[in-house]
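Okay, structure23.txt now, which holds compact mmCIF, C-alpha atoms and all ligand atoms:
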# COMPACT_ATOMS: atom_id res chain seq x y z
CA MET A 10 -21.20 13.75 -36.23
CA TYR A 11 -19.22 16.39 -34.36
CA HIS A 12 -16.16 18.17 -35.64
CA ARG A 13 -14.61 19.14 -32.30
CA ILE A 14 -15.56 17.87 -28.85
CA ILE A 15 -14.48 17.96 -25.23
CA VAL A 16 -14.64 14.66 -23.38
CA LYS A 17 -14.66 15.31 -19.64
CA ILE A 18 -13.86 12.18 -17.69
CA GLY A 19 -14.80 12.14 -14.01
CA THR A 20 -12.92 10.62 -11.08
CA SER A 21 -15.69 8.03 -10.61
CA VAL A 22 -15.11 6.85 -14.19
CA VAL A 23 -11.34 6.40 -14.13
CA THR A 24 -10.89 5.22 -10.56
CA ASN A 25 -12.44 2.36 -8.63
CA ALA A 26 -13.71 2.30 -5.05
CA LYS A 27 -10.21 1.55 -3.70
CA GLY A 28 -8.79 4.70 -5.23
CA GLU A 29 -6.92 2.87 -7.96
CA LEU A 30 -7.06 3.71 -11.64
CA ASP A 31 -9.62 1.60 -13.50
CA LEU A 32 -7.25 0.57 -16.25
CA GLN A 33 -9.83 -1.28 -18.28
CA VAL A 34 -12.11 1.76 -18.52
CA LEU A 35 -9.27 4.17 -19.17
CA LYS A 36 -7.88 1.96 -21.95
CA ARG A 37 -11.27 1.65 -23.56
CA LEU A 38 -11.87 5.40 -23.50
CA VAL A 39 -8.47 5.97 -25.09
CA GLU A 40 -9.23 3.39 -27.81
CA GLU A 41 -12.57 5.02 -28.53
CA THR A 42 -10.94 8.46 -28.65
CA ALA A 43 -8.50 7.02 -31.21
CA GLN A 44 -11.45 5.79 -33.30
CA LEU A 45 -13.04 9.24 -33.20
CA ARG A 46 -9.72 10.73 -34.24
CA LYS A 47 -9.67 8.44 -37.29
CA LYS A 48 -13.03 9.90 -38.27
CA ASN A 49 -11.45 13.36 -38.08
CA THR A 50 -13.19 14.39 -34.88
CA GLU A 51 -10.91 16.60 -32.84
CA VAL A 52 -10.96 15.54 -29.20
CA VAL A 53 -9.78 17.44 -26.13
CA ILE A 54 -9.85 15.34 -22.98
CA VAL A 55 -10.43 16.94 -19.59
CA THR A 56 -9.63 14.32 -16.99
CA SER A 57 -10.06 14.17 -13.26
CA GLY A 58 -8.62 11.43 -11.14
CA ALA A 59 -5.25 12.79 -10.04
CA VAL A 60 -6.27 13.30 -6.43
CA GLY A 61 -8.26 10.06 -6.37
CA THR A 62 -5.30 8.09 -7.73
CA GLY A 63 -2.72 9.81 -5.49
CA ARG A 64 -4.71 8.89 -2.40
CA GLY A 65 -4.18 5.23 -3.08
CA MET A 66 -0.43 5.71 -3.65
CA VAL A 67 0.96 7.52 -0.61
CA THR A 68 0.42 7.24 3.10
CA LEU A 69 0.96 10.62 4.64
CA LYS A 70 2.95 10.82 7.86
CA ASP A 71 1.00 13.39 9.84
CA GLU A 72 -0.61 15.71 7.36
CA SER A 73 -3.93 17.07 8.53
CA ASP A 74 -4.11 20.20 6.38
CA SER A 75 -6.58 19.30 3.63
CA VAL A 76 -5.01 21.71 1.12
CA VAL A 77 -1.57 20.17 1.60
CA LYS A 78 -3.05 16.68 1.39
CA LYS A 79 -4.78 17.50 -1.89
CA GLN A 80 -1.57 19.01 -3.28
CA ILE A 81 0.45 15.91 -2.40
CA PHE A 82 -2.14 13.46 -3.75
CA ALA A 83 -2.57 15.49 -6.94
CA ALA A 84 1.18 15.83 -7.52
CA VAL A 85 1.70 12.09 -7.10
CA GLY A 86 -1.49 10.96 -8.82
CA GLN A 87 -1.16 13.20 -11.88
CA VAL A 88 2.05 11.40 -12.89
CA LYS A 89 0.37 8.02 -12.76
CA LEU A 90 -2.80 9.29 -14.46
CA MET A 91 -0.93 10.99 -17.28
CA SER A 92 1.58 8.22 -17.85
CA THR A 93 -1.30 5.76 -18.16
CA TYR A 94 -3.02 7.93 -20.78
CA ALA A 95 0.28 8.31 -22.63
CA GLU A 96 0.92 4.56 -22.59
CA TYR A 97 -2.52 3.69 -23.95
CA PHE A 98 -2.48 6.46 -26.57
CA ALA A 99 0.96 5.28 -27.71
CA LYS A 100 -0.53 1.80 -28.35
CA GLU A 101 -2.94 3.56 -30.75
CA GLY A 102 -0.07 5.41 -32.42
CA ILE A 103 -1.20 8.70 -30.92
CA VAL A 104 0.80 11.23 -28.95
CA CYS A 105 -1.00 13.01 -26.12
CA ALA A 106 0.00 16.09 -24.16
CA GLN A 107 -0.49 17.16 -20.59
CA VAL A 108 -2.08 20.60 -20.12
CA LEU A 109 -2.51 21.84 -16.56
CA ALA A 110 -4.74 24.84 -15.99
CA THR A 111 -5.74 27.18 -13.19
CA LYS A 112 -8.57 29.67 -13.06
CA GLU A 113 -6.04 32.44 -13.60
CA ASP A 114 -5.52 31.15 -17.13
CA PHE A 115 -9.07 32.19 -18.01
CA ARG A 116 -9.09 35.52 -16.20
CA ASP A 117 -6.32 37.30 -17.90
CA ARG A 118 -6.40 37.94 -21.63
CA GLU A 119 -2.76 36.99 -22.22
CA HIS A 120 -2.96 33.65 -20.39
CA TYR A 121 -6.28 32.96 -22.12
CA SER A 122 -4.84 33.36 -25.57
CA HIS A 123 -1.66 31.38 -24.71
CA MET A 124 -3.80 28.52 -23.54
CA LYS A 125 -6.11 28.67 -26.56
CA ASN A 126 -3.16 28.83 -28.98
CA CYS A 127 -1.42 25.95 -27.29
CA ILE A 128 -4.45 23.65 -27.47
CA GLU A 129 -5.30 24.68 -31.04
CA ASN A 130 -1.73 23.96 -32.08
CA LEU A 131 -1.66 20.60 -30.35
CA LEU A 132 -4.83 19.64 -32.24
CA ARG A 133 -3.42 20.92 -35.52
CA ASN A 134 -0.41 18.66 -34.98
CA ASP A 135 -2.57 15.61 -34.22
CA VAL A 136 -1.66 15.60 -30.54
CA ILE A 137 -4.50 14.94 -28.11
CA PRO A 138 -4.55 17.49 -25.27
CA VAL A 139 -5.28 15.90 -21.88
CA VAL A 140 -6.22 18.71 -19.52
CA ASN A 141 -6.57 18.74 -15.75
CA GLU A 142 -6.66 21.44 -13.16
CA ASN A 143 -3.24 22.20 -11.75
CA ASP A 144 -4.25 21.12 -8.27
CA VAL A 145 -0.76 21.63 -6.90
CA VAL A 146 -0.89 25.41 -7.29
CA ALA A 147 -4.67 25.85 -7.43
CA VAL A 148 -5.43 27.00 -3.92
CA ALA A 149 -8.18 29.31 -2.63
CA GLU A 150 -9.34 31.78 -5.27
CA LEU A 151 -7.40 30.06 -8.05
CA VAL A 152 -9.53 26.92 -7.80
CA PHE A 153 -12.17 26.03 -10.38
CA THR A 154 -15.45 24.90 -8.87
CA ASP A 155 -14.47 21.55 -10.39
CA ASN A 156 -13.22 20.10 -13.67
CA ASP A 157 -16.74 20.45 -15.06
CA GLU A 158 -16.32 24.21 -14.88
CA LEU A 159 -12.93 23.89 -16.56
CA ALA A 160 -14.47 21.78 -19.36
CA GLY A 161 -17.22 24.39 -19.82
CA LEU A 162 -14.71 27.24 -20.08
CA LEU A 163 -12.61 25.30 -22.57
CA ALA A 164 -15.71 24.52 -24.63
CA SER A 165 -16.38 28.21 -25.18
CA GLN A 166 -12.71 29.03 -25.66
CA LEU A 167 -12.20 26.35 -28.31
CA ASN A 168 -15.56 26.69 -30.08
CA VAL A 169 -16.36 23.02 -29.75
CA ASN A 170 -19.59 21.49 -31.06
CA ALA A 171 -20.20 19.33 -28.02
CA VAL A 172 -19.10 18.44 -24.50
CA PHE A 173 -19.44 14.85 -23.27
CA PHE A 174 -19.55 14.71 -19.48
CA LEU A 175 -18.66 11.13 -18.62
CA THR A 176 -19.66 10.37 -15.09
CA GLY A 177 -20.50 7.43 -12.81
CA ILE A 178 -24.25 7.56 -13.40
CA ASP A 179 -26.39 7.17 -16.50
CA GLY A 180 -27.50 10.78 -16.98
CA VAL A 181 -29.97 13.23 -15.50
CA MET A 182 -32.68 11.24 -13.74
CA ASP A 183 -36.37 12.11 -13.67
CA ARG A 184 -36.43 11.66 -9.88
CA ASP A 185 -34.02 11.03 -7.02
CA TRP A 186 -32.42 7.75 -8.15
CA LYS A 187 -31.98 6.50 -4.58
CA LYS A 188 -35.76 6.32 -4.24
CA GLY A 189 -35.92 3.75 -7.06
CA ASN A 190 -37.69 3.67 -10.43
CA ALA A 191 -35.73 6.66 -11.67
CA LYS A 192 -35.32 6.90 -15.42
CA VAL A 193 -32.84 8.85 -17.47
CA ILE A 194 -34.23 11.96 -19.16
CA PRO A 195 -33.06 11.48 -22.75
CA GLU A 196 -33.33 15.04 -23.99
CA ILE A 197 -33.52 18.49 -22.42
CA SER A 198 -33.99 21.72 -24.32
CA LEU A 199 -33.85 25.33 -23.22
CA ALA A 200 -37.64 25.38 -23.41
CA ASN A 201 -38.09 22.71 -20.73
CA ILE A 202 -34.81 22.87 -18.80
CA ASP A 203 -36.23 24.67 -15.76
CA SER A 204 -38.79 21.96 -15.14
CA PHE A 205 -36.01 19.37 -14.74
CA GLU A 206 -33.78 21.37 -12.48
CA LYS A 207 -35.68 20.38 -9.32
CA HIS A 208 -34.74 16.71 -9.77
CA ILE A 209 -31.05 17.39 -9.47
CA THR A 210 -29.41 16.12 -6.29
CA GLU A 211 -26.24 17.61 -4.86
CA GLU A 212 -24.51 14.29 -4.45
CA LYS A 213 -20.96 13.73 -5.61
CA SER A 214 -18.38 10.99 -5.31
CA ASP A 215 -15.76 10.95 -2.54
CA PHE A 216 -12.68 12.09 -4.41
CA SER A 217 -14.12 14.63 -6.81
CA ARG A 218 -15.63 18.06 -6.51
CA GLY A 219 -18.11 18.09 -9.37
CA GLY A 220 -21.69 16.89 -9.16
CA MET A 221 -24.83 16.79 -11.27
CA ARG A 222 -25.82 20.33 -10.31
CA THR A 223 -22.71 21.94 -11.75
CA LYS A 224 -22.93 19.78 -14.89
CA PHE A 225 -26.54 20.83 -15.31
CA GLU A 226 -25.75 24.54 -14.90
CA ILE A 227 -22.86 24.32 -17.35
CA ALA A 228 -25.00 22.40 -19.87
CA LYS A 229 -27.60 25.15 -19.66
CA LYS A 230 -25.04 27.86 -20.30
CA LEU A 231 -23.48 25.90 -23.17
CA ALA A 232 -26.91 25.30 -24.75
CA ARG A 233 -27.42 29.07 -24.82
CA ASP A 234 -24.03 29.39 -26.54
CA GLY A 235 -25.07 26.86 -29.19
CA ILE A 236 -23.01 23.94 -27.81
CA THR A 237 -24.53 20.47 -27.28
CA THR A 238 -23.88 18.69 -23.96
CA HIS A 239 -24.22 14.99 -23.23
CA ILE A 240 -24.13 13.59 -19.69
CA ALA A 241 -23.60 9.84 -19.73
CA ASN A 242 -22.08 6.89 -17.90
CA GLY A 243 -18.40 6.70 -18.80
CA LYS A 244 -18.08 3.06 -17.70
CA VAL A 245 -20.35 1.87 -20.52
CA PRO A 246 -18.40 0.24 -23.39
CA GLY A 247 -18.80 2.08 -26.69
CA ILE A 248 -20.00 5.25 -25.01
CA LEU A 249 -17.93 7.73 -27.05
CA MET A 250 -18.72 6.16 -30.39
CA GLY A 251 -22.39 5.86 -29.46
CA LEU A 252 -22.69 9.50 -28.43
CA ASP A 253 -20.86 10.63 -31.53
CA ARG A 254 -23.21 8.59 -33.72
CA GLY A 255 -26.17 10.33 -32.14
CA LEU A 256 -27.52 7.27 -30.29
CA SER A 257 -29.83 8.09 -27.44
CA ILE A 258 -27.57 7.37 -24.46
CA GLY A 259 -27.62 9.41 -21.28
CA THR A 260 -29.02 12.92 -21.36
CA LYS A 261 -28.57 15.24 -24.30
CA PHE A 262 -28.95 19.01 -23.85
CA LEU A 263 -30.05 20.50 -27.13
CA PRO A 264 -28.38 23.77 -28.05
CA LYS A 265 -30.19 26.92 -29.02
N1 LIG A 301 -8.52 17.97 -10.58
C1 LIG A 301 -9.02 16.97 -9.68
C2 LIG A 301 -8.30 15.64 -9.90
O1 LIG A 301 -7.71 15.43 -10.93
C3 LIG A 301 -10.49 16.71 -9.83
C4 LIG A 301 -11.38 17.92 -9.70
C5 LIG A 301 -12.84 17.53 -9.90
O2 LIG A 301 -13.29 16.55 -9.30
O3 LIG A 301 -13.56 18.16 -10.65
O4 LIG A 301 -8.34 14.79 -9.08
Would you give me this structure, written as structure tokens?
Amino acid sequence: MYHRIIVKIGTSVVTNAKGELDLQVLKRLVEETAQLRKKNTEVVIVTSGAVGTGRGMVTLKDESDSVVKKQIFAAVGQVKLMSTYAEYFAKEGIVCAQVLATKEDFRDREHYSHMKNCIENLLRNDVIPVVNENDVVAVAELVFTDNDELAGLLASQLNVNAVFFLTGIDGVMDRDWKKGNAKVIPEISLANIDSFEKHITEEKSDFSRGGMRTKFEIAKKLARDGITTHIANGKVPGILMGLDRGLSIGTKFLPK
């Protein structure tokens, strides 16, 4: 259905409660990406999970500075995260590439075009770009709000047709899901988007920075730019194929 998409995979999708990579989910998402590739859909993955994975891998001696902690966890976890993607893509006969970005790369015209050219050329050569924020150097004003913001910026930069936000919950709910009886809102358009905004809770998972509010704001901006956004549960088998086939899963934000 789509020619070019961004699949943003959240920390709560690729890691489990113990801060380990959820290998089964990651493998499945790679296999589904490979199936999309066979149908000539160009896929750029934006993945979180470096910090979450790194936390489970090192015990810090006496580090209390949260910036230093995040740098160490990210530096360690990114290796594991990326090597796992590479291993699973290799099983599908696909080469993937690591692209690490900071906010600076979108601020300055030269960095912006280097980044765009690099990703376009990876795609042209059938390599799947796997992007994450460069958490090791991204400190203070260089930090993206979260990887959702990074995915949104890449979507505009690369003229994609759609962004799939894969997260730990089923989509945008019609009421606070903790209060029970909440249902997923299947479709949101620019005409009715403001009426749904009040249902959004600020909650986020322990190891990640993004939340439903940022996803919602980005989806709204992308809709205005003519890009479709889906927010769906990344742990559900067949999720990528289903979204690509236009099945009603999660929440779809219709573009202008
Ligand atoms: N870049 C961070 C990581 O890989 C995640 C940032 C976010 O949660 O959006 O762990």
Worksheet item: Residues at most 9 Å from ligand LIG 301 (chain A), using all atoms listed in the file? Could they come as a PyMOL selection string?
Response: chain A and resi 19-21+56-63+79+82-83+86-87+90+141-144+153-159+213-214+216-220
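Going from atom CA of Arg233 of chain A over to atom CA of Ile137 of chain A, you cover 27.1 Å.
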Which polymer residues, whether protein, DNA or RNA, lie within 10 Å of the coordinate (-4.3, 24.4, -24.3) when you count all atoms listed in the file? List them as a PDB file with C-alpha atoms, in the frame of the given file, using the chain letters and numbers from the file.
ATOM      1  CA  VAL A  53      -9.780  17.440 -26.130  1.00  0.00           C
ATOM      2  CA  ALA A 106       0.000  16.090 -24.160  1.00  0.00           C
ATOM      3  CA  GLN A 107      -0.490  17.160 -20.590  1.00  0.00           C
ATOM      4  CA  VAL A 108      -2.080  20.600 -20.120  1.00  0.00           C
ATOM      5  CA  LEU A 109      -2.510  21.840 -16.560  1.00  0.00           C
ATOM      6  CA  ALA A 110      -4.740  24.840 -15.990  1.00  0.00           C
ATOM      7  CA  ASP A 114      -5.520  31.150 -17.130  1.00  0.00           C
ATOM      8  CA  TYR A 121      -6.280  32.960 -22.120  1.00  0.00           C
ATOM      9  CA  SER A 122      -4.840  33.360 -25.570  1.00  0.00           C
ATOM     10  CA  HIS A 123      -1.660  31.380 -24.710  1.00  0.00           C
ATOM     11  CA  MET A 124      -3.800  28.520 -23.540  1.00  0.00           C
ATOM     12  CA  LYS A 125      -6.110  28.670 -26.560  1.00  0.00           C
ATOM     13  CA  ASN A 126      -3.160  28.830 -28.980  1.00  0.00           C
ATOM     14  CA  CYS A 127      -1.420  25.950 -27.290  1.00  0.00           C
ATOM     15  CA  ILE A 128      -4.450  23.650 -27.470  1.00  0.00           C
ATOM     16  CA  GLU A 129      -5.300  24.680 -31.040  1.00  0.00           C
ATOM     17  CA  ASN A 130      -1.730  23.960 -32.080  1.00  0.00           C
ATOM     18  CA  LEU A 131      -1.660  20.600 -30.350  1.00  0.00           C
ATOM     19  CA  LEU A 132      -4.830  19.640 -32.240  1.00  0.00           C
ATOM     20  CA  PRO A 138      -4.550  17.490 -25.270  1.00  0.00           C
ATOM     21  CA  VAL A 139      -5.280  15.900 -21.880  1.00  0.00           C
ATOM     22  CA  VAL A 140      -6.220  18.710 -19.520  1.00  0.00           C
ATOM     23  CA  LEU A 163     -12.610  25.300 -22.570  1.00  0.00           C
ATOM     24  CA  GLN A 166     -12.710  29.030 -25.660  1.00  0.00           C
ATOM     25  CA  LEU A 167     -12.200  26.350 -28.310  1.00  0.00           C
TER      26      LEU A 167
END
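For the set A:Val16, A:Ala164, A:Ile258, A:Val88, the residue with the smallest atom-to-atom gap to Val245 of chain A is A:Ile258, counting all atoms listed in the file.
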Fill in: Shortest interatomic distance to Val145 of chain A - which of A:Lys78, A:Gly189, A:Leu162, A:Glu119, counting all atoms listed in the file
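Counting all atoms listed in the file, the residue closest to Val145 of chain A is A:Lys78.
For the choices A:Tyr94, A:Phe115, A:Phe225, A:Phe174, the atom-to-atom distance to Gln33 of chain A is smallest for A:Tyr94 when using only C-alpha atoms.
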Discussion item. From the options A:Ala191, A:Ala200, A:Ile209, A:Ile236, which residue's atoms come nearest to Ile15 of chain A, counting only C-alpha atoms?
Written reply: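 Once distances to Ile15 of chain A are computed over only C-alpha atoms, the minimum belongs to A:Ile236.
One distance worth recording is that between atom CA of Lys70 of chain A and atom CA of Thr111 of chain A, which is 28.0 Å.
The spacing separating atom CA of Leu199 of chain A from atom CA of Ser257 of chain A amounts to 18.2 Å.
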Worksheet item: Of the candidates A:Glu51, A:Glu113, A:Ala241, A:Gly251, which shows the shortest atom-to-atom distance to Asn134 of chain A, using only C-alpha atoms?
Response: A:Glu51
Fill in: Protein and nucleic acid residues near (-19.1, 4.4, -22.4) (cut-off 9 Å, all atoms listed in the file) as a PyMOL selection string
chain A and resi 34+37-38+41+175+241-252
Item to complete: Name the closest residue to Asn49 of chain A among the candidates A:Asp253, A:Asp179, A:Asp185, A:Asp31; distances are taken between atoms, counting all atoms listed in the file.
Response: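 Residue with the minimum atom-to-atom distance to Asn49 of chain A: A:Asp253.
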Worksheet item: If we count all atoms listed in the file, what is near Ile14 of chain A at a cut-off of 9 Å, once residues fewer than 6 positions away on the same chain are taken out, given as a PyMOL selection string?
Response: chain A and resi 50-54+164+168-173
